$ cat protein24.cif   # mmCIF, C-alpha atoms and all ligand atoms
data_start
#
loop_
_atom_site.label_atom_id
_atom_site.label_comp_id
_atom_site.auth_asym_id
_atom_site.auth_seq_id
_atom_site.Cartn_x
_atom_site.Cartn_y
_atom_site.Cartn_z
CA MET E 1 74.60 -21.88 92.28
CA SER E 2 73.06 -24.45 94.54
CA MET E 3 71.35 -22.91 97.54
CA GLN E 4 69.13 -24.28 100.23
CA ASN E 5 66.81 -22.79 102.81
CA PRO E 6 66.45 -24.31 106.23
CA VAL E 7 63.64 -26.86 106.47
CA PHE E 8 60.68 -26.28 108.75
CA ILE E 9 59.39 -29.83 108.75
CA PRO E 10 59.29 -31.56 112.13
CA GLY E 11 62.00 -33.99 111.11
CA PRO E 12 64.30 -34.75 109.53
CA THR E 13 65.75 -31.50 110.87
CA ASN E 14 68.52 -29.24 109.60
CA ILE E 15 71.95 -30.87 109.87
CA PRO E 16 74.61 -28.56 111.34
CA ASP E 17 77.71 -28.24 109.13
CA GLU E 18 79.99 -29.54 111.83
CA LEU E 19 77.86 -32.66 112.11
CA ARG E 20 77.97 -33.17 108.34
CA ARG E 21 81.74 -32.99 108.48
CA GLU E 22 81.81 -35.43 111.36
CA ILE E 23 79.87 -38.11 109.49
CA ASP E 24 82.03 -37.69 106.37
CA PHE E 25 84.32 -40.43 107.54
CA GLY E 26 85.99 -43.31 105.73
CA THR E 27 85.38 -46.99 106.33
CA ILE E 28 86.85 -48.53 109.43
CA ASP E 29 86.88 -52.13 110.58
CA HIS E 30 83.82 -52.26 112.79
CA ARG E 31 85.30 -55.26 114.60
CA SER E 32 88.28 -53.21 115.68
CA SER E 33 88.65 -51.25 118.89
CA VAL E 34 88.35 -48.03 116.85
CA PHE E 35 84.64 -48.69 116.50
CA ASN E 36 84.13 -49.48 120.15
CA GLU E 37 85.95 -46.30 121.14
CA MET E 38 83.31 -44.23 119.37
CA PHE E 39 80.42 -46.53 120.25
CA GLN E 40 80.74 -46.73 124.04
CA PRO E 41 80.67 -42.93 124.53
CA ALA E 42 77.59 -42.76 122.27
CA LEU E 43 75.77 -45.29 124.48
CA ALA E 44 76.79 -43.40 127.62
CA GLY E 45 75.74 -40.12 126.02
CA VAL E 46 72.29 -41.45 125.12
CA LYS E 47 71.76 -42.37 128.79
CA ARG E 48 72.64 -38.83 129.86
CA ILE E 49 70.26 -37.33 127.31
CA LEU E 50 67.48 -39.67 128.49
CA LYS E 51 68.37 -38.82 132.10
CA THR E 52 68.76 -42.41 133.16
CA THR E 53 71.39 -44.16 135.22
CA THR E 54 69.50 -47.44 135.48
CA ALA E 55 68.44 -48.19 131.88
CA GLU E 56 70.43 -49.70 129.06
CA ALA E 57 70.87 -47.65 125.88
CA LEU E 58 70.34 -49.54 122.61
CA ILE E 59 71.01 -48.30 119.11
CA PHE E 60 69.77 -50.09 115.99
CA PRO E 61 70.23 -49.18 112.34
CA SER E 62 66.62 -48.12 111.72
CA THR E 63 64.27 -45.21 112.46
CA GLY E 64 61.76 -44.31 115.15
CA THR E 65 59.31 -46.80 113.67
CA GLY E 66 61.89 -49.55 114.09
CA ALA E 67 62.32 -48.50 117.72
CA TRP E 68 58.55 -48.90 118.24
CA GLU E 69 58.82 -52.42 116.85
CA ALA E 70 61.89 -53.25 118.92
CA ALA E 71 60.11 -52.05 122.07
CA ILE E 72 57.04 -54.23 121.64
CA THR E 73 58.61 -57.37 120.18
CA ASN E 74 61.22 -57.63 122.91
CA THR E 75 58.87 -57.21 125.86
CA LEU E 76 55.46 -58.61 124.85
CA SER E 77 53.86 -61.86 123.72
CA PRO E 78 51.07 -62.51 121.21
CA GLY E 79 47.69 -61.79 122.82
CA ASP E 80 49.14 -59.53 125.53
CA LYS E 81 46.92 -56.61 126.47
CA VAL E 82 48.30 -53.13 125.96
CA LEU E 83 46.71 -49.76 126.66
CA ILE E 84 47.35 -46.96 124.20
CA GLY E 85 45.70 -43.70 123.23
CA ARG E 86 45.14 -42.20 119.79
CA TRP E 87 45.20 -38.44 119.27
CA GLY E 88 47.22 -38.09 116.07
CA MET E 89 48.89 -39.90 113.20
CA PHE E 90 51.90 -41.13 115.14
CA SER E 91 49.94 -42.65 118.00
CA HIS E 92 47.67 -44.13 115.32
CA ARG E 93 50.60 -45.81 113.56
CA TRP E 94 51.93 -47.31 116.78
CA ILE E 95 48.45 -48.74 117.47
CA ASP E 96 48.37 -50.23 113.99
CA MET E 97 51.76 -51.82 114.59
CA CYS E 98 50.58 -53.36 117.89
CA GLN E 99 47.51 -54.79 116.19
CA ARG E 100 49.54 -56.25 113.36
CA HIS E 101 51.74 -57.95 115.93
CA GLY E 102 48.73 -59.74 117.40
CA LEU E 103 48.52 -57.78 120.65
CA LYS E 104 45.14 -57.11 122.29
CA VAL E 105 45.07 -53.37 121.97
CA ILE E 106 42.84 -51.34 124.27
CA ILE E 107 42.52 -48.05 122.42
CA VAL E 108 41.55 -44.84 124.14
CA GLU E 109 40.44 -42.18 121.67
CA ALA E 110 41.06 -38.51 122.29
CA LYS E 111 40.27 -35.53 120.11
CA TRP E 112 43.13 -34.64 117.75
CA GLY E 113 44.41 -31.52 119.47
CA LYS E 114 44.25 -33.01 122.96
CA GLY E 115 46.89 -34.99 124.80
CA VAL E 116 46.83 -38.15 126.86
CA PRO E 117 43.32 -38.55 128.36
CA LEU E 118 44.30 -39.31 131.96
CA ASP E 119 40.74 -40.10 133.07
CA ALA E 120 40.30 -42.72 130.36
CA TYR E 121 43.70 -44.24 131.11
CA ALA E 122 42.78 -44.35 134.81
CA ALA E 123 39.44 -45.99 134.06
CA ALA E 124 41.15 -48.66 131.96
CA LEU E 125 43.77 -49.33 134.63
CA TYR E 126 41.32 -49.50 137.55
CA GLY E 127 38.97 -51.60 135.43
CA ASP E 128 41.76 -54.10 134.80
CA ARG E 129 41.07 -56.15 137.94
CA ASP E 130 43.40 -59.00 137.03
CA GLN E 131 46.10 -56.54 136.01
CA ASP E 132 46.36 -58.15 132.60
CA ILE E 133 47.53 -54.98 130.88
CA LYS E 134 51.21 -55.53 130.22
CA ALA E 135 52.13 -52.16 128.78
CA VAL E 136 50.80 -48.62 128.85
CA MET E 137 51.91 -46.66 125.82
CA VAL E 138 52.02 -42.91 125.31
CA THR E 139 53.19 -40.63 122.52
CA HIS E 140 55.01 -37.91 124.43
CA ASN E 141 54.90 -35.36 121.63
CA GLU E 142 52.29 -36.01 118.94
CA THR E 143 54.05 -34.59 115.91
CA ALA E 144 50.90 -34.56 113.78
CA THR E 145 49.05 -32.12 116.03
CA GLY E 146 51.83 -30.38 117.97
CA VAL E 147 50.60 -31.72 121.30
CA LYS E 148 52.71 -32.79 124.23
CA SER E 149 51.47 -35.10 126.94
CA ASP E 150 52.27 -35.31 130.63
CA ILE E 151 54.31 -38.48 131.11
CA ALA E 152 54.88 -37.89 134.84
CA ALA E 153 51.11 -37.86 135.31
CA VAL E 154 50.77 -41.22 133.56
CA ARG E 155 53.43 -42.68 135.84
CA GLU E 156 51.54 -41.26 138.82
CA LEU E 157 48.37 -43.00 137.62
CA LEU E 158 50.18 -46.33 137.43
CA THR E 159 51.64 -45.84 140.89
CA LYS E 160 48.31 -44.86 142.44
CA ALA E 161 46.54 -47.78 140.79
CA LYS E 162 49.37 -50.05 141.95
CA HIS E 163 49.42 -51.37 138.40
CA PRO E 164 52.55 -53.26 137.31
CA ALA E 165 52.29 -52.50 133.57
CA MET E 166 55.38 -51.18 131.80
CA LEU E 167 55.32 -47.59 130.59
CA LEU E 168 56.48 -47.30 126.95
CA VAL E 169 56.97 -43.79 125.63
CA ASP E 170 57.42 -42.54 122.08
CA GLY E 171 59.75 -39.56 122.47
CA VAL E 172 60.83 -39.39 118.83
CA SER E 173 60.03 -35.69 118.44
CA SER E 174 60.69 -34.62 122.03
CA ILE E 175 63.87 -36.31 123.23
CA ALA E 176 66.91 -34.00 123.01
CA SER E 177 64.63 -31.00 122.36
CA MET E 178 62.13 -30.99 125.22
CA ASP E 179 62.31 -32.00 128.86
CA PHE E 180 62.47 -35.79 129.16
CA ARG E 181 63.31 -37.66 132.37
CA MET E 182 63.41 -41.39 131.92
CA ASP E 183 64.23 -42.40 135.51
CA GLU E 184 62.23 -39.73 137.30
CA TRP E 185 59.12 -40.47 135.22
CA GLY E 186 59.58 -44.22 135.55
CA VAL E 187 59.66 -44.79 131.80
CA ASP E 188 60.39 -48.43 130.96
CA ILE E 189 61.19 -47.91 127.31
CA ALA E 190 62.05 -44.54 125.82
CA ILE E 191 62.03 -44.36 122.04
CA THR E 192 63.62 -41.96 119.60
CA GLY E 193 65.50 -41.68 116.32
CA SER E 194 68.51 -39.82 114.95
CA GLN E 195 66.85 -37.28 112.64
CA LYS E 196 64.93 -35.03 114.99
CA GLY E 197 66.43 -33.58 118.17
CA PHE E 198 69.79 -35.21 117.44
CA MET E 199 70.03 -33.26 114.14
CA LEU E 200 71.47 -36.24 112.23
CA PRO E 201 70.31 -37.89 109.03
CA PRO E 202 67.71 -40.62 109.54
CA GLY E 203 69.10 -44.09 110.19
CA LEU E 204 69.27 -44.76 113.92
CA ALA E 205 66.62 -46.17 116.23
CA ILE E 206 67.61 -45.14 119.76
CA LEU E 207 66.11 -46.68 122.89
CA GLY E 208 66.45 -46.60 126.64
CA VAL E 209 65.33 -49.86 128.26
CA SER E 210 64.71 -50.13 132.01
CA PRO E 211 65.62 -53.16 134.16
CA LYS E 212 61.91 -53.98 134.35
CA ALA E 213 61.59 -54.06 130.56
CA LEU E 214 64.72 -56.19 130.37
CA ALA E 215 63.14 -58.62 132.81
CA ALA E 216 60.00 -58.73 130.64
CA MET E 217 62.22 -59.67 127.71
CA GLU E 218 63.03 -62.99 129.40
CA THR E 219 59.48 -64.28 128.90
CA ALA E 220 58.31 -62.20 125.91
CA LYS E 221 57.41 -64.39 122.95
CA LEU E 222 56.83 -62.08 120.01
CA PRO E 223 59.27 -63.05 117.26
CA ARG E 224 62.29 -60.82 116.84
CA THR E 225 65.64 -61.29 115.18
CA PHE E 226 67.13 -58.10 113.77
CA PHE E 227 65.80 -56.11 116.73
CA ASP E 228 66.62 -58.66 119.44
CA PHE E 229 67.71 -56.75 122.54
CA ARG E 230 69.61 -59.74 123.90
CA ASP E 231 71.77 -60.16 120.78
CA MET E 232 72.47 -56.45 120.82
CA LEU E 233 73.32 -56.27 124.53
CA ASN E 234 75.52 -59.35 124.44
CA THR E 235 77.57 -58.19 121.47
CA ASN E 236 77.74 -54.60 122.77
CA ALA E 237 79.12 -55.87 126.07
CA ALA E 238 81.89 -57.58 124.12
CA GLY E 239 82.66 -54.33 122.28
CA GLY E 240 80.85 -55.21 119.09
CA PHE E 241 77.59 -55.22 117.18
CA PRO E 242 75.46 -58.20 116.04
CA TYR E 243 75.81 -57.08 112.40
CA THR E 244 77.40 -54.21 110.50
CA PRO E 245 76.89 -51.05 112.55
CA PRO E 246 76.09 -47.67 110.93
CA VAL E 247 79.53 -46.41 111.92
CA GLN E 248 79.27 -42.92 110.46
CA LEU E 249 75.94 -42.20 112.14
CA ILE E 250 77.19 -43.50 115.47
CA ARG E 251 80.20 -41.25 115.17
CA GLY E 252 77.79 -38.40 114.36
CA LEU E 253 75.60 -39.27 117.34
CA ASN E 254 78.56 -38.97 119.61
CA HIS E 255 79.30 -35.54 118.22
CA ALA E 256 75.66 -34.44 118.32
CA ILE E 257 75.47 -35.33 122.00
CA GLY E 258 78.61 -33.27 122.55
CA MET E 259 76.97 -30.30 120.80
CA LEU E 260 73.82 -30.62 122.91
CA GLU E 261 75.82 -30.87 126.11
CA ASN E 262 78.08 -28.04 125.11
CA GLU E 263 75.02 -25.82 124.76
CA GLY E 264 73.64 -27.40 127.93
CA LEU E 265 70.57 -29.64 127.76
CA GLU E 266 68.48 -27.20 129.80
CA ASN E 267 69.59 -24.37 127.46
CA VAL E 268 68.59 -26.53 124.49
CA PHE E 269 65.12 -26.95 126.01
CA ALA E 270 64.89 -23.22 126.77
CA ARG E 271 65.91 -22.37 123.19
CA HIS E 272 63.23 -24.67 121.80
CA HIS E 273 60.68 -23.11 124.11
CA ARG E 274 61.64 -19.61 123.02
CA LEU E 275 61.59 -20.49 119.32
CA ALA E 276 58.20 -22.17 119.75
CA GLN E 277 56.86 -19.17 121.63
CA GLY E 278 57.99 -16.87 118.80
CA VAL E 279 56.08 -19.05 116.34
CA ARG E 280 53.02 -19.03 118.59
CA GLU E 281 53.13 -15.22 118.80
CA ALA E 282 53.16 -15.14 115.00
CA VAL E 283 50.24 -17.55 114.69
CA SER E 284 48.21 -15.49 117.09
CA ALA E 285 49.06 -12.24 115.25
CA TRP E 286 47.85 -13.86 112.01
CA GLY E 287 44.56 -14.43 113.78
CA LEU E 288 44.97 -18.19 113.42
CA LYS E 289 44.77 -20.97 115.97
CA LEU E 290 46.90 -23.96 116.80
CA CYS E 291 45.56 -27.48 116.55
CA ALA E 292 46.71 -28.01 120.17
CA ASN E 293 43.72 -27.15 122.32
CA SER E 294 45.36 -25.33 125.24
CA PRO E 295 48.70 -23.81 126.24
CA ASP E 296 49.62 -26.67 128.59
CA LEU E 297 49.55 -28.95 125.52
CA TYR E 298 51.67 -26.76 123.23
CA SER E 299 54.65 -28.59 121.83
CA ASP E 300 57.99 -26.80 121.77
CA THR E 301 59.16 -28.72 118.68
CA VAL E 302 56.27 -28.44 116.23
CA SER E 303 53.23 -26.21 115.76
CA ALA E 304 50.25 -27.40 113.73
CA VAL E 305 48.49 -24.26 112.49
CA VAL E 306 44.78 -24.57 111.66
CA VAL E 307 44.07 -22.94 108.30
CA PRO E 308 40.96 -20.74 107.96
CA ALA E 309 37.79 -22.43 106.70
CA LYS E 310 37.80 -23.02 102.91
CA PHE E 311 41.59 -22.90 102.75
CA ASP E 312 43.82 -25.91 102.27
CA GLY E 313 46.89 -26.64 104.39
CA THR E 314 48.31 -29.06 101.83
CA LYS E 315 48.14 -26.40 99.10
CA PHE E 316 49.99 -24.09 101.45
CA VAL E 317 52.81 -26.60 101.80
CA THR E 318 53.01 -27.24 98.05
CA HIS E 319 53.05 -23.53 97.23
CA ALA E 320 55.74 -22.73 99.83
CA ALA E 321 57.93 -25.47 98.40
CA GLU E 322 57.38 -24.59 94.74
CA LYS E 323 57.58 -20.81 94.93
CA TYR E 324 59.91 -20.18 97.87
CA GLY E 325 61.82 -23.43 98.24
CA VAL E 326 60.82 -23.79 101.86
CA ALA E 327 59.57 -27.05 103.36
CA PHE E 328 56.73 -27.06 105.89
CA GLY E 329 54.84 -30.11 107.14
CA VAL E 330 51.47 -31.16 105.75
CA GLY E 331 48.51 -32.20 107.87
CA LEU E 332 48.27 -35.96 108.37
CA GLY E 333 45.28 -38.25 108.83
CA GLU E 334 42.26 -36.59 110.40
CA VAL E 335 43.78 -33.13 110.07
CA ALA E 336 44.99 -33.54 106.46
CA GLY E 337 44.32 -30.28 104.61
CA LYS E 338 43.12 -28.63 107.81
CA VAL E 339 46.53 -27.68 109.17
CA PHE E 340 50.06 -26.99 108.07
CA ARG E 341 52.92 -27.69 110.43
CA ILE E 342 55.92 -25.59 111.30
CA GLY E 343 58.74 -27.71 112.68
CA HIS E 344 60.94 -25.74 115.07
CA LEU E 345 63.37 -28.27 116.43
CA GLY E 346 67.02 -29.07 116.07
CA MET E 347 69.57 -26.60 114.80
CA LEU E 348 67.53 -23.40 114.62
CA THR E 349 68.01 -19.82 115.69
CA ASP E 350 65.60 -16.92 116.17
CA VAL E 351 66.67 -15.52 112.81
CA MET E 352 66.06 -18.82 111.01
CA VAL E 353 62.61 -19.03 112.56
CA CYS E 354 61.87 -15.47 111.40
CA SER E 355 62.81 -16.53 107.86
CA GLY E 356 60.41 -19.45 108.05
CA LEU E 357 57.61 -17.26 109.34
CA SER E 358 58.32 -14.80 106.55
CA ALA E 359 58.04 -17.55 103.93
CA ALA E 360 54.82 -18.75 105.56
CA GLU E 361 53.42 -15.23 105.38
CA MET E 362 54.32 -14.77 101.71
CA THR E 363 52.70 -18.11 100.97
CA MET E 364 49.52 -17.25 102.84
CA ARG E 365 49.33 -13.85 101.12
CA ASP E 366 49.73 -15.52 97.71
CA LEU E 367 46.93 -17.93 98.57
CA LYS E 368 44.75 -15.04 99.87
CA PHE E 369 44.57 -16.21 103.46
CA PRO E 370 43.00 -13.35 105.44
CA ILE E 371 46.16 -12.26 107.23
CA ALA E 372 47.95 -8.90 107.41
CA ALA E 373 51.33 -8.78 105.65
CA GLY E 374 54.17 -8.78 108.13
CA SER E 375 51.96 -9.28 111.17
CA GLY E 376 53.31 -12.64 112.28
CA VAL E 377 56.94 -11.82 111.60
CA ALA E 378 56.60 -8.56 113.54
CA ALA E 379 55.10 -10.37 116.53
CA ALA E 380 57.89 -12.94 116.54
CA GLN E 381 60.53 -10.22 116.15
CA GLU E 382 59.19 -8.34 119.15
CA TYR E 383 59.11 -11.52 121.20
CA PHE E 384 62.67 -12.47 120.26
CA ARG E 385 63.92 -8.90 120.89
CA LYS E 386 62.53 -8.98 124.39
CA ASN E 387 63.49 -12.55 125.21
CA GLU E 388 67.07 -12.81 124.19
CA ALA E 389 68.69 -16.10 124.99
CA GLU E 390 72.06 -16.44 126.59
CA LYS E 391 73.22 -18.81 123.94
CA LEU E 392 71.56 -18.05 120.66
CA SER E 393 72.99 -20.76 118.48
CA PRO E 394 75.75 -23.25 117.91
CA LEU E 395 77.27 -20.65 115.55
CA LYS E 396 77.64 -18.17 118.39
CA ASP E 397 79.38 -20.87 120.42
CA ALA E 398 81.86 -21.51 117.66
CA ALA E 399 82.67 -17.83 117.16
C1 LIG M 1 58.96 -39.00 113.36
C2 LIG M 1 58.16 -39.72 114.38
C3 LIG M 1 58.03 -41.11 114.40
C4 LIG M 1 58.51 -41.99 113.28
O1 LIG M 1 59.83 -42.01 113.17
P1 LIG M 1 60.52 -42.51 111.81
O2 LIG M 1 61.91 -42.16 112.15
O3 LIG M 1 59.94 -41.72 110.70
O4 LIG M 1 60.28 -43.95 111.70
C5 LIG M 1 57.35 -41.70 115.44
N1 LIG M 1 56.80 -40.97 116.41
C6 LIG M 1 56.87 -39.64 116.42
C7 LIG M 1 56.23 -38.89 117.54
C8 LIG M 1 57.55 -38.96 115.41
O5 LIG M 1 57.61 -37.63 115.42
#
$ encode --input "protein24.cif" --output "structure tokens"
Amino acid sequence: MSMQNPVFIPGPTNIPDELRREIDFGTIDHRSSVFNEMFQPALAGVKRILKTTTAEALIFPSTGTGAWEAAITNTLSPGDKVLIGRWGMFSHRWIDMCQRHGLKVIIVEAKWGKGVPLDAYAAALYGDRDQDIKAVMVTHNETATGVKSDIAAVRELLTKAKHPAMLLVDGVSSIASMDFRMDEWGVDIAITGSQKGFMLPPGLAILGVSPKALAAMETAKLPRTFFDFRDMLNTNAAGGFPYTPPVQLIRGLNHAIGMLENEGLENVFARHHRLAQGVREAVSAWGLKLCANSPDLYSDTVSAVVVPAKFDGTKFVTHAAEKYGVAFGVGLGEVAGKVFRIGHLGMLTDVMVCSGLSAAEMTMRDLKFPIAAGSGVAAAQEYFRKNEAEKLSPLKDAA
């Protein structure tokens, strides 16, 4: 018999059965109105999820990384100054991409485990007398360390400094799982992909692009072809796509947005918070610490758990996969070996999270981590018992 446990990696996430059925769909003529009838609602739905009424939604066949590239190549020119912080592997990779595109990258370093260093961003913005910095970039939820950053506070900095730079935000592991407000936070480009909060297979780069970013596009000189916003917007307006669209994924996206809205976006956020809190109770009962330095930084979609000295987080992940068939995330970059990550986003219930914590406990016991058997699971159980959610899961909705 073929059986599979839920995954506890922070993306790709578990795909709900109803979404798998939805994307099992035969070929259609993508130049026909049938395609546009599924595409237009998907674009409108993305705007609702991003909480924007002013931005354009753009969808490319790609992943989050492609959305990073689309964001910078459409709005910036070679030699443009950008301000970006590094506090984990994902912010690091975006920096690397900016450098490889010939941008002048002002890098602000923060400890891995901290979020956006507002003081350092402020210093860079106030120090930029000629206001040469064209874009300020922030990773909303650093998936490598399980740290969320305060995007509203970054917008406030820009406003106070009267700095005209665009605000580009990587929301790949937060959007559709954690609070995200594109218009209210003044985000100029919001970036995500299909395989995290949207619960789909990988394959879509999803962006929200503000009028200001669209204006920047008019003079931006970095080369772009496949990811050209203008080609995409022009063909979309005519009901089409500049090349063959990933029809099945777009159909799935439409359905995924319906599932999220059926649960209620605020309920989705509350569920992620509750699941995350259950995991955090377990981590604390194990006597372990999170990589995230303080509660205000705790991510509701992923927890990076610091392993005790002399233990190896990567071995933990290998053992859990080989012995129990459960996938956790390894530590990346600076925290490789020092943490393992529990992804708790997408289609997950309390009970699924308890199963993941149980597998983590068995793994740690096998590897002789100094933890008490059952301690973490018990802590999470007590938390979930006392904090029942109104809507536990998509399954409950269907029943
Ligand atoms: C997953 C992730 C990415 C990369 O997305 P891909 O879809 O793997 O290209 C970028 N940023 C963050 C914060 C992520 O979690």
$ residues_near_ligand --input "protein24.cif" --ligand "ligand LIG 1 (chain M)" --cutoff "6 Å" --atoms "all atoms listed in the file" --output "PDB file with C-alpha atoms, in the coordinates of the input"
ATOM      1  CA  THR E  63      64.270 -45.210 112.460  1.00  0.00           C
ATOM      2  CA  GLY E  64      61.760 -44.310 115.150  1.00  0.00           C
ATOM      3  CA  THR E  65      59.310 -46.800 113.670  1.00  0.00           C
ATOM      4  CA  PHE E  90      51.900 -41.130 115.140  1.00  0.00           C
ATOM      5  CA  ASN E 141      54.900 -35.360 121.630  1.00  0.00           C
ATOM      6  CA  GLU E 142      52.290 -36.010 118.940  1.00  0.00           C
ATOM      7  CA  THR E 143      54.050 -34.590 115.910  1.00  0.00           C
ATOM      8  CA  ASP E 170      57.420 -42.540 122.080  1.00  0.00           C
ATOM      9  CA  VAL E 172      60.830 -39.390 118.830  1.00  0.00           C
ATOM     10  CA  SER E 173      60.030 -35.690 118.440  1.00  0.00           C
ATOM     11  CA  GLY E 193      65.500 -41.680 116.320  1.00  0.00           C
TER      12      GLY E 193
END
$ residues_near_point --input "protein24.cif" --point "(70.2, -39.1, 112.8)" --cutoff "12 Å" --atoms "only C-alpha atoms" --output "MDAnalysis selection string"
chainID E and resid 11:16 19:20 23 59:64 172 176 192:206 246:257 346
$ closest_atom_pairs --input "protein24.cif" --of "stretch 242-360 of chain E" --to "stretch 214-232 of chain E" --cutoff "12 Å" --atoms "only C-alpha atoms" --output "CSV"
residue,atom,partner,partner_atom,distance
E:Pro242,CA,E:Met232,CA,5.9
E:Tyr243,CA,E:Phe226,CA,8.8
E:Thr244,CA,E:Phe226,CA,11.5
E:Pro245,CA,E:Met232,CA,10.8
$ residues_around --input "protein24.cif" --residues "E:Ile106" --least-positions-apart "3" --cutoff "12 Å" --atoms "all atoms listed in the file" --output "PyMOL selection string"
chain E and resi 79-86+95-96+98-99+103+109+120-121+123-125+127-128+132-137
$ atom_distance --input "protein24.cif" --atom1 "atom CA of E:Gln40" --atom2 "atom CA of E:Glu22"
17.0 Å
$ atom_distance --input "protein24.cif" --atom1 "atom CA of E:Ala359" --atom2 "atom CA of E:Leu332"
21.3 Å
$ atom_distance --input "protein24.cif" --atom1 "atom CA of E:Ala336" --atom2 "atom CA of E:Val105"
25.2 Å
$ residues_around --input "protein24.cif" --residues "E:Val305" --least-positions-apart "5" --cutoff "7 Å" --atoms "only C-alpha atoms" --output "MDAnalysis selection string"
chainID E and resid 289:291 339:341
$ axis_aligned_box --input "protein24.cif" --around "stretch 80-96 of chain E" --padding-each-side "3 Å" --output "AutoDock Vina command-line options"
--center_x 48.5 --center_y -48.8 --center_z 119.9 --size_x 12.8 --size_y 27.4 --size_z 19.5
$ decode --input "protein24.cif" --residues "stretch 262-276 of chain E" --atoms "C-alpha atoms" --output "tab-separated table (two decimals), in the first residue's frame"
chain	number	residue	atom	x	y	z
E	262	ASN	CA	-14.53	30.17	2.54
E	263	GLU	CA	-12.61	29.64	5.77
E	264	GLY	CA	-12.22	33.42	6.03
E	265	LEU	CA	-8.80	35.02	5.64
E	266	GLU	CA	-8.76	36.21	9.25
E	267	ASN	CA	-9.70	32.67	10.38
E	268	VAL	CA	-6.86	31.31	8.25
E	269	PHE	CA	-4.45	33.66	10.03
E	270	ALA	CA	-5.89	32.72	13.43
E	271	ARG	CA	-5.54	29.01	12.62
E	272	HIS	CA	-1.90	29.49	11.64
E	273	HIS	CA	-1.28	31.42	14.84
E	274	ARG	CA	-2.87	28.69	16.94
E	275	LEU	CA	-0.95	25.90	15.18
E	276	ALA	CA	2.29	27.85	15.58
